[in-house]
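What follows is a single structure, written as structure tokens, with notes after it.
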Amino acid sequence: PDIPCQRGSELVIGGSSTCGTGKAKADKDIVSPHVTDGFWVQRQISEVYPDPVTAADKAASVLTILGSESGLHDCENRYVITKFLKNRDVVVWCMKLMRSDADERINVEVAVREKGVGWILRELAGDCQAKKVQYDGMDVDEKKLAVPKTATLAPGSTVQPKRTVDLESMAFSQGGHLMSNKKCKLPEGSFKRARKGYEEIPVPAPQKKQGGEEELVPVTVLLEWARKAFTVPKLNRVQSKLYPIAFRTDEPVLLCAPTGAGKTNIAMLTILNELSKYRDEATGEFGLDDFKIVYIAPMKALVQEMVGNFKAWLNIFGIKVGELMGDSQMTKQQILETQIIVTTPEKWDVITRKSTDTSYTNLVRLLIIDEIHLLHDERGPVLESVVARMIWRMEQTGEYVRLVGLSATLPNYQDVATFLCVDKSRGLFYFDASYRPCALQQQFIGVTEKKAIKRFQVMNEVCYEKVLDQAGKNQTLVFVHSRKETAKTAKFIRDMAMEKETITQFVRPDSATREILTEEAGNVKDGNLRDLLLFGFTIHHAGMTREDRNLVEELFTDGAVQVLVCTATLAWGVNLPAHAVIIKGTQIYNPEKGRWVELSSQDVLQMLGRTGRPQYDMYGEGVIITNHSELQYYLSLLNQQLPIESQFVSKPADNLNAEIVLGTVRNRNEAVQWLGYTYL
């Protein structure tokens with residue numbers, strides 16, 4: 001091996017004019033990843049520099065040079081010996097692997113594969129044949145092997161796979177919390193300020209785009225019979241832009257728009273368009289047995305809400321709407337008699353997996369997928385397999401099914417459009433946050449305290465400050481993540497307000513409101529709520545009686561109370577908007593995993609969807625209090641900079657087996673072809 005010689009205090013490559021000559025043999029210089037541990041470079045250098053401090057310093061310099069993007073010639077100019085250059089990839093990546101902990105190691109392994117040197121991982125795992133010698137050798141150029149042009153196997157014989165793909169290692173360890181956005185660009189006017197125990201990033205509300213009244217489409221342009229489904233005189237700006245495609249064509253559609261932009265009415269337009277095909281013009285009757293429409297929503301609460309809406313709007317046409325979930329079954333006869341089926345992705349996946357009875361699945365002519373950004377979630381693979389199965393069946397049978405995707409604003413909407421077979425010039429619509437009916441002003445609080453008790457204390461104090469900012473002016477919803485925590489947080493805010501003598505800002509002692517609260521407190525069954533109600537604070541969670549919850553909702557709607565501390569069930573099940581929404585903490589206990597996990601993006605968007613009341617407010621305020629390490633994720637999520645990535649690689653076996661049983665995949669080529677239909 002080349003031995004570095006000393007020139008001043010620099011390392012000199014072997015074979016230079018001052019250190020002798022001689023050609024290096026590649027076989028001796030190439031080092032196996034197995035022997036390259038965290039101190040291999042230092043051991044090599046200590047042969048020339050016995051002083052351990054100097055050797056460590058030189059080793060750090062060598063690693064810096066090797067790990068940089070410098071070319072071979074540049075490295076040689078900086079006197080890095082040939083042995084290190086020939087083993088550059090092995091040295092750099094083995095060092096990173098050895099010096100990383102369990103969490104970091106996953107990211108390093110992904111980077112290794114991306115750089116095209118995955119053979120290092122395979123050799124470390126024991127696949128000794130995997131190594132492929134590739135380096136920019138100055139002295140030795142390896143001969144390239146000829147690749148055979150024809151098959152080399154005799155008919156009927158088999159061969160072991162050349163390499164095994166480890167799917168588990170390719171799956172995103174963070175699941176739905178995958179953060180693939182390295183930099184987050186914030187709107188103009190955003191800034192950062194450091195406080196004791198936390199860091200705060202206020203983001204101003206976006207300027208609302210002014211649209212002229214002439215842009216709005218009046219409901220009178222609809223067919224006369226279809227107008228009955230709408231109670232508004234005009235469609236809003238988003239609906240007006242989609243109207244020609246949604247109601248006048250059968251194009252697949254992907255709509256990305258913020259909360260409150262009226263996505264449900266877009267779904268309604270596509271449903272009415274479908275109904276028009278089965279309507280007898282002479283009698284006004286519909287051919288109810290000739291079609292099915294499926295609406296997929298991610299949550300039970302949303303399914304129930306949509307069933308209620310569709311029943312109210314479509315009952316006049318004689319259309320039957322049914323909900324299909326794990327705990328609300330429908331018989332085959334009921335499904336046959338129902339025209340619109342509102343269901344969850346998992347339930348529709350189960351139904352379409354059955355090859356024995358396709359009598360009603362073959363009648364589906366319109367598939368609407370609400371909250372399609374769920375693809376990024378751990379439940380995403382189910383949605384992918386449902387859509388892939390539908391497109392595959394469409395191509396096999398020649399029977400067209402219209403796909404409509406409704407989503408929050410996301411940056412890589414073109415990828416999702418490709419997945420849904422949407423014509424990007426006609427069926428793809430993207431509206432940014434400025435189209436929100438009530439603009440959202442955001443505040444992100446990243447708690448920097450490391451100790452759990454101090455972190456909890458800081459979160460409570462920040463929560464009190466943010467609630468006090470609104471006291472006497474606006475109502476505030478505070479979301480926490482357990483039933484016990486609702487009363488604890490409300491009592492903390494009340495006690496802090498009494499201590500600092502600000503309690504009168506929440507409810508005046510001599511006001512009429514105080515009398516109402518005192519009277520209602522006597523009717524309350526929940527002890528915590530009774531204590532808090534007198535001070536103008538309320539709580540709401542699923543463990544309370546229906547009467548108590550109704551009372552809280554009525555008091556908050558009437559403006560009698562200013563602060564409501566609640567769990568996420570309020571965001572999903574009850575439409576109760578407020579000027580300000582505070583999400584206190586973003587971690588929730590997951591009993592399946594046995595640990596605390598981050599809130600799903602769906603929950604966060606739903607909670608912040610409760611901010612702002614268009615009839616009263618110019619803008620709403622949303623505050624997220626989280627750990628400092630999670631700031632980047634939530635900043636990206638709420639500023640349309642978090643790409644939607646496929647999670648399918650975590651569940652390929654389950655979904656592929658389903659297709660094999662169904663008969664859509666019969667051999668390897670069809671399996672590869674089927675994978676092309678997924679979002680992967």
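Labels for the structure tokens follow display order: chains A, B, ..., residues from 1 in each chain, ligands from 1.
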Do a neighbour search on segment 446-462 of chain A at 10 Å with only C-alpha atoms, toss out local chain neighbours closer than 2 positions, and write the hits as JSON, numbers by chain. {"A": [194, 195, 196, 197, 198, 199, 200, 201, 443, 444, 464, 465, 466, 467, 468, 488, 489, 490, 492, 493, 496, 584, 585, 624, 625, 626, 627, 628, 629, 630, 631, 632]}
From a backbone DSSP assignment, name each residue in segment 430-568 of chain A labelled strand (DSSP E or B), as JSON, numbers by chain. {"A": [430, 439, 440, 441, 442, 443, 444, 445, 446, 447, 476, 477, 478, 479, 537, 538, 539, 540, 563, 564, 565, 566]}
List as a PyMOL selection string the protein and nucleic acid residues near Ile316 of chain A, meaning an atom at most 10 Å away when only C-alpha atoms are counted, but skip any in the same chain fewer than 3 places from it. chain A and resi 225+228-229+311-313+319
Residues of segment 380-473 of chain A that approach segment 543-565 of chain A to 9 Å or less, counting only C-alpha atoms: could you list each one with the shortest pair of atoms and its distance in Å to one decimal, rows by chain and increasing residue number, as a Markdown table?
```
| residue | atom | partner | partner_atom | distance |
| --- | --- | --- | --- | --- |
| A:Val467 | CA | A:Val563 | CA | 7.7 |
| A:Gln470 | CA | A:Gln562 | CA | 8.7 |
| A:Ala471 | CA | A:Gln562 | CA | 7.2 |
| A:Gly472 | CA | A:Gln562 | CA | 7.7 |
| A:Lys473 | CA | A:Gln562 | CA | 8.7 |
```
Which residues, written as a list in words, have at least one atom at most 7 Å from Val203 of chain A, with only C-alpha atoms counted and residues fewer than 2 positions away on the same chain left out? Pro187, Gly189, Ser190, Ile201, Ala205, Gln441, Gln442 and Gln443 of chain A
Suppose we keep all heavy atoms; can you now write the selection as a PDB file, in the first residue's frame?
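Output file part30.pdb follows:
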```
ATOM      1  N   PRO A 187     -44.122  33.109   3.698  1.00  0.00           N
ATOM      2  CA  PRO A 187     -44.609  34.324   3.028  1.00  0.00           C
ATOM      3  C   PRO A 187     -43.914  35.578   3.544  1.00  0.00           C
ATOM      4  O   PRO A 187     -43.346  35.591   4.642  1.00  0.00           O
ATOM      5  CB  PRO A 187     -46.103  34.354   3.395  1.00  0.00           C
ATOM      6  CG  PRO A 187     -46.440  32.978   3.839  1.00  0.00           C
ATOM      7  CD  PRO A 187     -45.188  32.384   4.394  1.00  0.00           C
ATOM      8  N   GLY A 189     -43.239  38.945   5.315  1.00  0.00           N
ATOM      9  CA  GLY A 189     -43.769  39.458   6.579  1.00  0.00           C
ATOM     10  C   GLY A 189     -43.597  38.483   7.729  1.00  0.00           C
ATOM     11  O   GLY A 189     -43.844  38.820   8.889  1.00  0.00           O
ATOM     12  N   SER A 190     -43.167  37.228   7.426  1.00  0.00           N
ATOM     13  CA  SER A 190     -42.908  36.253   8.498  1.00  0.00           C
ATOM     14  C   SER A 190     -41.576  36.580   9.162  1.00  0.00           C
ATOM     15  O   SER A 190     -40.660  37.095   8.519  1.00  0.00           O
ATOM     16  CB  SER A 190     -42.840  34.836   7.920  1.00  0.00           C
ATOM     17  OG  SER A 190     -43.976  34.557   7.151  1.00  0.00           O
ATOM     18  N   ILE A 201     -42.669  31.792  15.564  1.00  0.00           N
ATOM     19  CA  ILE A 201     -42.624  32.230  14.165  1.00  0.00           C
ATOM     20  C   ILE A 201     -44.035  32.665  13.740  1.00  0.00           C
ATOM     21  O   ILE A 201     -44.879  31.817  13.443  1.00  0.00           O
ATOM     22  CB  ILE A 201     -42.119  31.110  13.226  1.00  0.00           C
ATOM     23  CG1 ILE A 201     -40.750  30.613  13.670  1.00  0.00           C
ATOM     24  CG2 ILE A 201     -42.068  31.607  11.774  1.00  0.00           C
ATOM     25  CD1 ILE A 201     -40.213  29.453  12.877  1.00  0.00           C
ATOM     26  N   ALA A 205     -51.441  36.570   7.505  1.00  0.00           N
ATOM     27  CA  ALA A 205     -52.507  36.026   6.647  1.00  0.00           C
ATOM     28  C   ALA A 205     -52.253  36.460   5.206  1.00  0.00           C
ATOM     29  O   ALA A 205     -51.855  37.600   4.961  1.00  0.00           O
ATOM     30  CB  ALA A 205     -53.860  36.534   7.125  1.00  0.00           C
ATOM     31  N   GLN A 441     -54.205  33.576   9.758  1.00  0.00           N
ATOM     32  CA  GLN A 441     -52.946  34.108  10.296  1.00  0.00           C
ATOM     33  C   GLN A 441     -52.378  33.044  11.233  1.00  0.00           C
ATOM     34  O   GLN A 441     -53.080  32.559  12.118  1.00  0.00           O
ATOM     35  CB  GLN A 441     -53.223  35.400  11.058  1.00  0.00           C
ATOM     36  CG  GLN A 441     -51.980  36.032  11.676  1.00  0.00           C
ATOM     37  CD  GLN A 441     -52.344  37.295  12.444  1.00  0.00           C
ATOM     38  OE1 GLN A 441     -52.876  38.247  11.876  1.00  0.00           O
ATOM     39  NE2 GLN A 441     -52.093  37.314  13.736  1.00  0.00           N
ATOM     40  N   GLN A 442     -51.119  32.647  11.026  1.00  0.00           N
ATOM     41  CA  GLN A 442     -50.568  31.516  11.773  1.00  0.00           C
ATOM     42  C   GLN A 442     -49.477  31.951  12.746  1.00  0.00           C
ATOM     43  O   GLN A 442     -48.751  32.912  12.488  1.00  0.00           O
ATOM     44  CB  GLN A 442     -49.968  30.491  10.798  1.00  0.00           C
ATOM     45  CG  GLN A 442     -50.931  30.026   9.718  1.00  0.00           C
ATOM     46  CD  GLN A 442     -50.188  29.383   8.565  1.00  0.00           C
ATOM     47  OE1 GLN A 442     -49.262  28.616   8.746  1.00  0.00           O
ATOM     48  NE2 GLN A 442     -50.605  29.682   7.349  1.00  0.00           N
ATOM     49  N   GLN A 443     -49.390  31.209  13.855  1.00  0.00           N
ATOM     50  CA  GLN A 443     -48.267  31.372  14.791  1.00  0.00           C
ATOM     51  C   GLN A 443     -47.760  29.984  15.149  1.00  0.00           C
ATOM     52  O   GLN A 443     -48.542  29.113  15.540  1.00  0.00           O
ATOM     53  CB  GLN A 443     -48.722  32.087  16.066  1.00  0.00           C
ATOM     54  CG  GLN A 443     -49.004  33.563  15.863  1.00  0.00           C
ATOM     55  CD  GLN A 443     -49.376  34.227  17.172  1.00  0.00           C
ATOM     56  OE1 GLN A 443     -48.661  34.139  18.157  1.00  0.00           O
ATOM     57  NE2 GLN A 443     -50.520  34.882  17.196  1.00  0.00           N
TER      58      GLN A 443
END
```
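The gap separating atom CA of Lys332 of chain A from atom CA of Ile372 of chain A is 27.6 Å, in Å to one decimal.
Distances here use only C-alpha atoms; by that measure, the residue among A:Asp495, A:Glu598, A:Glu114, A:Glu384 closest to Pro652 of chain A is A:Glu384.
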What's around Leu403 of chain A at 9 Å? Count only C-alpha atoms, leave out sequence neighbours fewer than 5 positions away in its own chain, and write the answer as a compact mmCIF listing (two decimals) with N, CA and C atoms, in the first residue's frame.
```txt
# COMPACT_ATOMS: atom_id res chain seq x y z
N GLU A 251 -64.83 14.52 -17.63
CA GLU A 251 -63.37 14.50 -17.39
C GLU A 251 -63.06 14.10 -15.94
N PRO A 252 -62.00 13.30 -15.72
CA PRO A 252 -61.52 13.10 -14.33
C PRO A 252 -61.05 14.45 -13.79
N VAL A 253 -61.25 14.67 -12.50
CA VAL A 253 -60.95 15.99 -11.91
C VAL A 253 -60.12 15.82 -10.65
N LEU A 254 -59.11 16.68 -10.47
CA LEU A 254 -58.41 16.81 -9.19
C LEU A 254 -58.51 18.27 -8.78
N ARG A 365 -70.22 4.32 -11.57
CA ARG A 365 -69.90 5.20 -12.70
C ARG A 365 -69.16 6.46 -12.26
N LEU A 366 -69.15 6.72 -10.95
CA LEU A 366 -68.46 7.92 -10.43
C LEU A 366 -67.85 7.58 -9.08
N LEU A 367 -66.56 7.81 -8.95
CA LEU A 367 -65.85 7.58 -7.67
C LEU A 367 -65.27 8.91 -7.20
N ILE A 368 -65.76 9.41 -6.08
CA ILE A 368 -65.28 10.68 -5.51
C ILE A 368 -64.45 10.37 -4.28
N ILE A 369 -63.21 10.85 -4.25
CA ILE A 369 -62.32 10.61 -3.11
C ILE A 369 -62.06 11.93 -2.42
N VAL A 387 -57.85 2.82 -5.98
CA VAL A 387 -57.81 3.56 -7.24
C VAL A 387 -57.18 2.70 -8.34
N LEU A 420 -54.35 9.84 -10.85
CA LEU A 420 -55.80 9.74 -11.09
C LEU A 420 -56.16 9.80 -12.58
N CYS A 421 -55.12 9.78 -13.46
CA CYS A 421 -55.33 9.83 -14.92
C CYS A 421 -56.06 11.12 -15.33
N VAL A 422 -55.73 12.22 -14.64
CA VAL A 422 -56.37 13.51 -14.94
C VAL A 422 -55.61 14.22 -16.06
```
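Between Asp349 of chain A and the residues A:Leu121, A:Cys184, A:Leu314, A:Leu383, the shortest atom-to-atom distance, using only C-alpha atoms, involves A:Leu383.
With only C-alpha atoms as the atoms that count, the minimum distance from Val478 of chain A to the choices A:Gly380, A:Gly622, A:Pro233, A:Pro437 is reached by A:Gly622.
Between atom CA of Phe537 of chain A and atom CA of Ser482 of chain A there is a distance of 17.4 Å.
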DSSP on the backbone, then: every residue of segment 571-676 of chain A marked alpha helix (DSSP H), written as a ChimeraX atom specification. /A:571-573,601-608,631-638,652-662,668-675
Any chance you can output those residues with C-alpha atoms as a short mmCIF file (atom, residue, chain, number, x, y, z; two decimals), in the first residue's frame?
```cif
data_model
loop_
_atom_site.label_atom_id
_atom_site.label_comp_id
_atom_site.auth_asym_id
_atom_site.auth_seq_id
_atom_site.Cartn_x
_atom_site.Cartn_y
_atom_site.Cartn_z
CA ALA A 571 -63.21 19.43 15.11
CA TRP A 572 -64.60 16.38 13.30
CA GLY A 573 -68.09 16.02 14.66
CA SER A 601 -51.72 16.10 9.04
CA GLN A 602 -55.44 15.43 8.53
CA ASP A 603 -56.22 16.22 12.20
CA VAL A 604 -54.14 19.40 12.20
CA LEU A 605 -55.78 20.72 9.02
CA GLN A 606 -59.23 19.86 10.37
CA MET A 607 -58.60 21.68 13.69
CA LEU A 608 -57.24 24.78 11.98
CA LEU A 631 -41.49 23.21 13.56
CA GLN A 632 -40.21 22.53 10.03
CA TYR A 633 -42.87 19.87 9.42
CA TYR A 634 -45.82 22.04 10.47
CA LEU A 635 -44.45 25.13 8.69
CA SER A 636 -44.25 23.09 5.46
CA LEU A 637 -47.63 21.45 5.97
CA LEU A 638 -49.52 24.71 6.52
CA PRO A 652 -46.94 -4.25 -1.09
CA ALA A 653 -47.36 -7.92 -0.08
CA ASP A 654 -50.85 -7.46 1.35
CA ASN A 655 -52.13 -5.51 -1.65
CA LEU A 656 -50.43 -7.71 -4.25
CA ASN A 657 -51.86 -10.87 -2.65
CA ALA A 658 -55.33 -9.31 -2.85
CA GLU A 659 -54.90 -8.76 -6.60
CA ILE A 660 -53.62 -12.34 -7.08
CA VAL A 661 -56.69 -13.74 -5.30
CA LEU A 662 -58.92 -11.40 -7.29
CA ARG A 668 -44.80 -11.50 -12.70
CA ASN A 669 -45.24 -9.24 -15.74
CA GLU A 670 -48.81 -8.41 -14.70
CA ALA A 671 -47.59 -7.71 -11.15
CA VAL A 672 -45.05 -5.20 -12.48
CA GLN A 673 -47.73 -3.69 -14.74
CA TRP A 674 -50.16 -3.41 -11.81
CA LEU A 675 -47.55 -1.57 -9.72
#
```
